[in-house]
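Chemist: Below are the structure tokens for one structure; questions will follow.
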Amino acid sequence: MSSPRSPTDLLEAFGTDRRQLGEATLAETYTMQGLLSVLWFGAQDARDVVICCSGAMGGLIGPARGVWHDLGVTGQQLGRGLAIVDYRQPEDDNLCLIDALATADRALRQGAERLLFVGHSFGGAVAVQCGIATADACVGVLGLATQSAGCENAMALAPTPLLLLHGSNDQILPSVSSLAVRDLAGYGDVEIIEGASHGLSECVDVITDRAETFFNRCFTPSETETPG
């Protein structure tokens with residue numbers, strides 16, 4: 001009986017190119033289903049890694065005026081890694097999940113021990129599924145203006161910490177979407193940010209503060225961990 005194929009194997013990649021771009025490294029992986037792009041901040045062998053899942057249109061900038069880049073720069077100063085995933089085929093649930101999990105697989109192979117998934121809009125559902133799939137390594141899931149579709153099994157995420165941030169003026173997905181995800185999970189913290197739209201450009205400082213606080217809480221060693 002053959003062993004299950006890893007997410008990296010499922011890419012069936014036939015080549016990867018990398019180039020340093022300022023404070024980050026861009027890796028482009030070529031597959032028959034398209035190009036997977038990952039922008040990586042911080043050390044390649046970072047113990048703690050945040051993986052950011054794009055929305056339904058893909059991209060490497062993210063919401064809140066590129067807040068993922070700011071979090072990546074701050075994180076690398078703290079010894080964290082951060083990877084932004086630009087899918088091969090945005091909106092293809094299965095391929096997008098494989099892309100995010102392959103990125104997580106790469107991080108783990110490079111030395112990561114703890115993962116935290118962040119997702120915006122469509123990517124919120126991807127982040128939830130990644131958290132479920134990597135239960136032993138996942139220490140938190142953060143959803144930004146997330147959709148509820150694709151989160152029907154969110155109960156399986158427990159007891160991984162779950163934080164959902166949503167704008168009150170979201171013109172694409174109403175804030176009840178994040179409330180629905182919390183209900184599906186049966187737990188989690190939800191904050192509705194007054195006046196913010198789907199792109200969360202009106203509340204960059206709030207998103208940055210909440211994300212950093214969440215990261216620090218999730219990546220803080222537990223009392224049962226042995227120092228050293």
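The chains in the structure tokens are called A, B, ... from first to last as shown; in each chain the residues are counted from 1, and the ligands are counted from 1 in the order shown.
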Restrict the calculation to only C-alpha atoms, then for each residue of range 39-152 of chain A with any atom at most 10 Å from an atom of range 177-182 of chain A give the closest atom pair and their distance in Å to one decimal, rows by chain and rising residue number, as JSON lines.

Modeler:
{"residue": "A:Ser121", "atom": "CA", "partner": "A:Ser177", "partner_atom": "CA", "distance": 9.7}
{"residue": "A:Gly124", "atom": "CA", "partner": "A:Ser178", "partner_atom": "CA", "distance": 9.4}
{"residue": "A:Ala125", "atom": "CA", "partner": "A:Val181", "partner_atom": "CA", "distance": 9.0}
{"residue": "A:Val128", "atom": "CA", "partner": "A:Val181", "partner_atom": "CA", "distance": 9.5}
{"residue": "A:Gly143", "atom": "CA", "partner": "A:Ser178", "partner_atom": "CA", "distance": 7.9}
{"residue": "A:Leu144", "atom": "CA", "partner": "A:Ser178", "partner_atom": "CA", "distance": 8.5}
{"residue": "A:Ala145", "atom": "CA", "partner": "A:Ser178", "partner_atom": "CA", "distance": 6.9}
{"residue": "A:Thr146", "atom": "CA", "partner": "A:Ser178", "partner_atom": "CA", "distance": 6.0}
{"residue": "A:Gln147", "atom": "CA", "partner": "A:Ser177", "partner_atom": "CA", "distance": 5.6}
{"residue": "A:Ser148", "atom": "CA", "partner": "A:Ser177", "partner_atom": "CA", "distance": 5.4}
{"residue": "A:Ala149", "atom": "CA", "partner": "A:Ser177", "partner_atom": "CA", "distance": 8.7}
{"residue": "A:Gly150", "atom": "CA", "partner": "A:Val181", "partner_atom": "CA", "distance": 9.5}
{"residue": "A:Cys151", "atom": "CA", "partner": "A:Val181", "partner_atom": "CA", "distance": 6.4}
{"residue": "A:Glu152", "atom": "CA", "partner": "A:Val181", "partner_atom": "CA", "distance": 7.9}

Chemist: What does the file look like for those residues with C-alpha atoms, as a CSV table (one decimal), in the first residue's frame?

Modeler:
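Contents of the output file result.csv:
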chain,number,residue,atom,x,y,z
A,121,SER,CA,-12.1,36.8,2.2
A,124,GLY,CA,-10.3,32.8,5.3
A,125,ALA,CA,-11.9,29.5,4.4
A,128,VAL,CA,-9.5,27.3,8.3
A,143,GLY,CA,-9.7,35.4,9.4
A,144,LEU,CA,-10.0,38.8,7.8
A,145,ALA,CA,-13.4,39.6,6.3
A,146,THR,CA,-13.7,35.8,5.8
A,147,GLN,CA,-16.4,34.0,3.9
A,148,SER,CA,-18.3,31.2,5.6
A,149,ALA,CA,-18.6,29.0,2.6
A,150,GLY,CA,-15.9,26.3,2.9
A,151,CYS,CA,-16.0,26.5,6.7
A,152,GLU,CA,-18.8,24.0,7.3

Chemist: Give the strand (DSSP E or B) residues of range 147-221 of chain A, as DSSP finds them on the backbone, and put them as a list of chain:residue names.

Modeler: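 Across range 147-221 of chain A, those assigned strand (DSSP E or B) are A:Leu162, A:Leu163, A:Leu164, A:Leu165, A:His166, A:Gly167, A:Asp189, A:Val190, A:Glu191, A:Ile192, A:Ile193.
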
Chemist: Could you turn the residues from that selection into a file that holds N, CA and C atoms, as a PDB file, in the first residue's frame?

Modeler:
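The result, stored in result.pdb:
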ATOM      1  N   LEU A 162      -8.866  30.887  17.399  1.00  0.00           N
ATOM      2  CA  LEU A 162      -9.509  31.419  16.194  1.00  0.00           C
ATOM      3  C   LEU A 162      -9.918  32.863  16.442  1.00  0.00           C
ATOM      4  N   LEU A 163      -9.455  33.765  15.585  1.00  0.00           N
ATOM      5  CA  LEU A 163      -9.817  35.177  15.669  1.00  0.00           C
ATOM      6  C   LEU A 163     -10.354  35.623  14.318  1.00  0.00           C
ATOM      7  N   LEU A 164     -11.494  36.312  14.321  1.00  0.00           N
ATOM      8  CA  LEU A 164     -12.138  36.767  13.093  1.00  0.00           C
ATOM      9  C   LEU A 164     -12.372  38.268  13.174  1.00  0.00           C
ATOM     10  N   LEU A 165     -11.814  39.019  12.218  1.00  0.00           N
ATOM     11  CA  LEU A 165     -11.977  40.464  12.146  1.00  0.00           C
ATOM     12  C   LEU A 165     -12.766  40.804  10.882  1.00  0.00           C
ATOM     13  N   HIS A 166     -13.750  41.684  11.001  1.00  0.00           N
ATOM     14  CA  HIS A 166     -14.624  41.969   9.865  1.00  0.00           C
ATOM     15  C   HIS A 166     -15.089  43.420   9.930  1.00  0.00           C
ATOM     16  N   GLY A 167     -15.192  44.069   8.775  1.00  0.00           N
ATOM     17  CA  GLY A 167     -15.672  45.437   8.720  1.00  0.00           C
ATOM     18  C   GLY A 167     -17.188  45.516   8.741  1.00  0.00           C
ATOM     19  N   ASP A 189     -13.154  34.229  18.680  1.00  0.00           N
ATOM     20  CA  ASP A 189     -13.376  35.641  18.969  1.00  0.00           C
ATOM     21  C   ASP A 189     -13.665  36.387  17.673  1.00  0.00           C
ATOM     22  N   VAL A 190     -14.699  37.220  17.694  1.00  0.00           N
ATOM     23  CA  VAL A 190     -15.079  38.019  16.522  1.00  0.00           C
ATOM     24  C   VAL A 190     -15.067  39.489  16.912  1.00  0.00           C
ATOM     25  N   GLU A 191     -14.446  40.310  16.073  1.00  0.00           N
ATOM     26  CA  GLU A 191     -14.484  41.757  16.265  1.00  0.00           C
ATOM     27  C   GLU A 191     -14.990  42.405  14.984  1.00  0.00           C
ATOM     28  N   ILE A 192     -16.072  43.154  15.093  1.00  0.00           N
ATOM     29  CA  ILE A 192     -16.615  43.905  13.963  1.00  0.00           C
ATOM     30  C   ILE A 192     -16.047  45.320  14.044  1.00  0.00           C
ATOM     31  N   ILE A 193     -15.332  45.725  13.023  1.00  0.00           N
ATOM     32  CA  ILE A 193     -14.648  47.019  13.024  1.00  0.00           C
ATOM     33  C   ILE A 193     -15.541  48.044  12.337  1.00  0.00           C
TER      34      ILE A 193
END

Chemist: Would you write out, as CSV, a table of all residues in range 65-154 of chain A that have an atom no more than 6 Å from an atom of range 26-49 of chain A, listing for each the closest atom pair and the distance in Å to one decimal, considering only C-alpha atoms and ordering rows by chain and rising residue number?

Modeler:
residue,atom,partner,partner_atom,distance
A:Gly72,CA,A:Phe41,CA,5.4
A:Gln76,CA,A:Gly42,CA,4.3
A:Arg80,CA,A:Asp48,CA,5.2
A:Gly81,CA,A:Val49,CA,4.5
A:Leu82,CA,A:Phe41,CA,5.1
A:Ala83,CA,A:Trp40,CA,4.4
A:Ile84,CA,A:Leu39,CA,5.1
A:Val85,CA,A:Val38,CA,4.8
A:Asp86,CA,A:Ser37,CA,5.1
A:Tyr87,CA,A:Leu36,CA,5.5
A:Arg88,CA,A:Leu36,CA,4.8
A:Gln110,CA,A:Asp45,CA,5.0
A:Gly111,CA,A:Asp45,CA,4.9
A:Ala112,CA,A:Arg47,CA,4.1
A:Glu113,CA,A:Arg47,CA,5.2
A:Arg114,CA,A:Asp48,CA,5.0
A:Leu115,CA,A:Val49,CA,5.0

Chemist: Keeping only C-alpha atoms, write the selected residues as a PDB file, in the first residue's frame.

Modeler:
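Okay, this is what ended up in part-v7.pdb:
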ATOM      1  CA  GLY A  72       6.299  40.219   7.469  1.00  0.00           C
ATOM      2  CA  GLN A  76      11.364  38.835  10.715  1.00  0.00           C
ATOM      3  CA  ARG A  80       9.315  34.801  12.619  1.00  0.00           C
ATOM      4  CA  GLY A  81       8.835  33.820   9.020  1.00  0.00           C
ATOM      5  CA  LEU A  82       5.848  34.932   6.930  1.00  0.00           C
ATOM      6  CA  ALA A  83       4.783  33.542   3.571  1.00  0.00           C
ATOM      7  CA  ILE A  84       2.178  35.108   1.260  1.00  0.00           C
ATOM      8  CA  VAL A  85       0.565  32.592  -1.111  1.00  0.00           C
ATOM      9  CA  ASP A  86      -0.598  33.592  -4.597  1.00  0.00           C
ATOM     10  CA  TYR A  87      -2.576  30.619  -5.906  1.00  0.00           C
ATOM     11  CA  ARG A  88      -2.157  28.878  -9.226  1.00  0.00           C
ATOM     12  CA  GLN A 110      12.841  23.875   6.394  1.00  0.00           C
ATOM     13  CA  GLY A 111      12.596  23.731  10.184  1.00  0.00           C
ATOM     14  CA  ALA A 112       9.311  25.348  11.187  1.00  0.00           C
ATOM     15  CA  GLU A 113       7.642  23.866  14.241  1.00  0.00           C
ATOM     16  CA  ARG A 114       4.620  26.130  14.626  1.00  0.00           C
ATOM     17  CA  LEU A 115       2.342  27.519  11.920  1.00  0.00           C
TER      18      LEU A 115
END

Chemist: Give me, as a PyMOL selection string, the residues of range 19-118 of chain A that a backbone DSSP run labels alpha helix (DSSP H).

Modeler: chain A and resi 63-77+93-109

Chemist: Kindly indicate which residue among A:Thr208, A:Cys218, A:Leu184, A:Gln171 lies nearest to Phe117 in chain A, using only C-alpha atoms for the distances.

Modeler: A:Cys218

Chemist: Pick out the residues sitting within 8 Å of Pro63 in chain A, and hand them over as a compact mmCIF listing (two decimals) with C-alpha atoms, in the first residue's frame; count only C-alpha atoms, and ignore anything fewer than 3 positions along from it in its own chain.

Modeler:
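Listing of around_24.txt after writing:
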# COMPACT_ATOMS: atom_id res chain seq x y z
CA GLY A 66 -0.63 45.53 2.12
CA VAL A 67 -0.65 44.79 5.82
CA TRP A 68 0.85 41.35 5.23
CA HIS A 120 -8.64 37.27 3.67
CA GLY A 199 -10.56 45.59 1.86
CA LEU A 200 -10.11 46.88 5.44
CA SER A 201 -8.18 49.90 4.17

Chemist: So the first atom is CA of Asp136 in chain A and the second is CA of Val176 in chain A; what is the distance between them in Å, to one decimal place?

Modeler: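 We find that CA of Asp136 in chain A and CA of Val176 in chain A lie 29.6 Å from each other.
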
Chemist: Quick one: residues within 12 Å of Asp209 in chain A, only C-alpha atoms, excluding same-chain residues fewer than 3 positions away - as a tab-separated table (two decimals) with N, CA and C atoms, in the first residue's frame?

Modeler:
chain	number	residue	atom	x	y	z
A	67	VAL	N	-1.06	45.02	4.43
A	67	VAL	CA	-0.65	44.79	5.82
A	67	VAL	C	0.21	43.54	5.99
A	70	ASP	N	3.80	44.50	5.96
A	70	ASP	CA	4.21	45.14	7.22
A	70	ASP	C	4.41	44.09	8.31
A	71	LEU	N	3.49	43.13	8.38
A	71	LEU	CA	3.59	42.07	9.37
A	71	LEU	C	4.81	41.19	9.10
A	74	THR	N	7.93	43.19	10.30
A	74	THR	CA	7.97	43.18	11.76
A	74	THR	C	8.32	41.79	12.28
A	165	LEU	N	-11.81	39.02	12.22
A	165	LEU	CA	-11.98	40.46	12.15
A	165	LEU	C	-12.77	40.80	10.88
A	203	CYS	N	-8.83	50.67	8.36
A	203	CYS	CA	-8.45	50.28	9.73
A	203	CYS	C	-7.13	49.53	9.77
A	204	VAL	N	-6.15	50.02	9.01
A	204	VAL	CA	-4.86	49.35	8.93
A	204	VAL	C	-4.23	49.20	10.32
A	205	ASP	N	-4.26	50.26	11.10
A	205	ASP	CA	-3.64	50.22	12.43
A	205	ASP	C	-4.33	49.20	13.33
A	206	VAL	N	-5.65	49.12	13.24
A	206	VAL	CA	-6.39	48.16	14.05
A	206	VAL	C	-6.03	46.73	13.65
A	212	GLU	N	-0.79	41.39	15.39
A	212	GLU	CA	0.44	41.23	16.15
A	212	GLU	C	0.16	40.68	17.55
A	213	THR	N	-0.89	41.18	18.17
A	213	THR	CA	-1.26	40.67	19.50
A	213	THR	C	-1.61	39.19	19.43
A	214	PHE	N	-2.36	38.81	18.39
A	214	PHE	CA	-2.75	37.41	18.21
A	214	PHE	C	-1.53	36.54	17.93
A	215	PHE	N	-0.64	37.01	17.05
A	215	PHE	CA	0.57	36.24	16.75
A	215	PHE	C	1.39	36.00	18.02
A	216	ASN	N	1.60	37.07	18.76
A	216	ASN	CA	2.42	36.96	19.98
A	216	ASN	C	1.79	35.99	20.98

Chemist: Rank A:Thr103, A:Asn94, A:Ser175, A:Asn169 by their smallest atom-to-atom distance to Val126 in chain A, using only C-alpha atoms, and report the top residue only.

Modeler: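 The closest residue to Val126 in chain A is A:Asn94.
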
Chemist: For CA of Phe122 in chain A and CA of Asp17 in chain A, quote the distance in Å rounded to one decimal.

Modeler: 27.0 Å

Chemist: Could you check the closest approach to Gly62 in chain A for each of A:Gly119, A:Gly140, A:Ala185, A:Asp92 and tell me which residue wins, using only C-alpha atoms?

Modeler: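 Among the listed residues, A:Gly119 lies closest to Gly62 in chain A.
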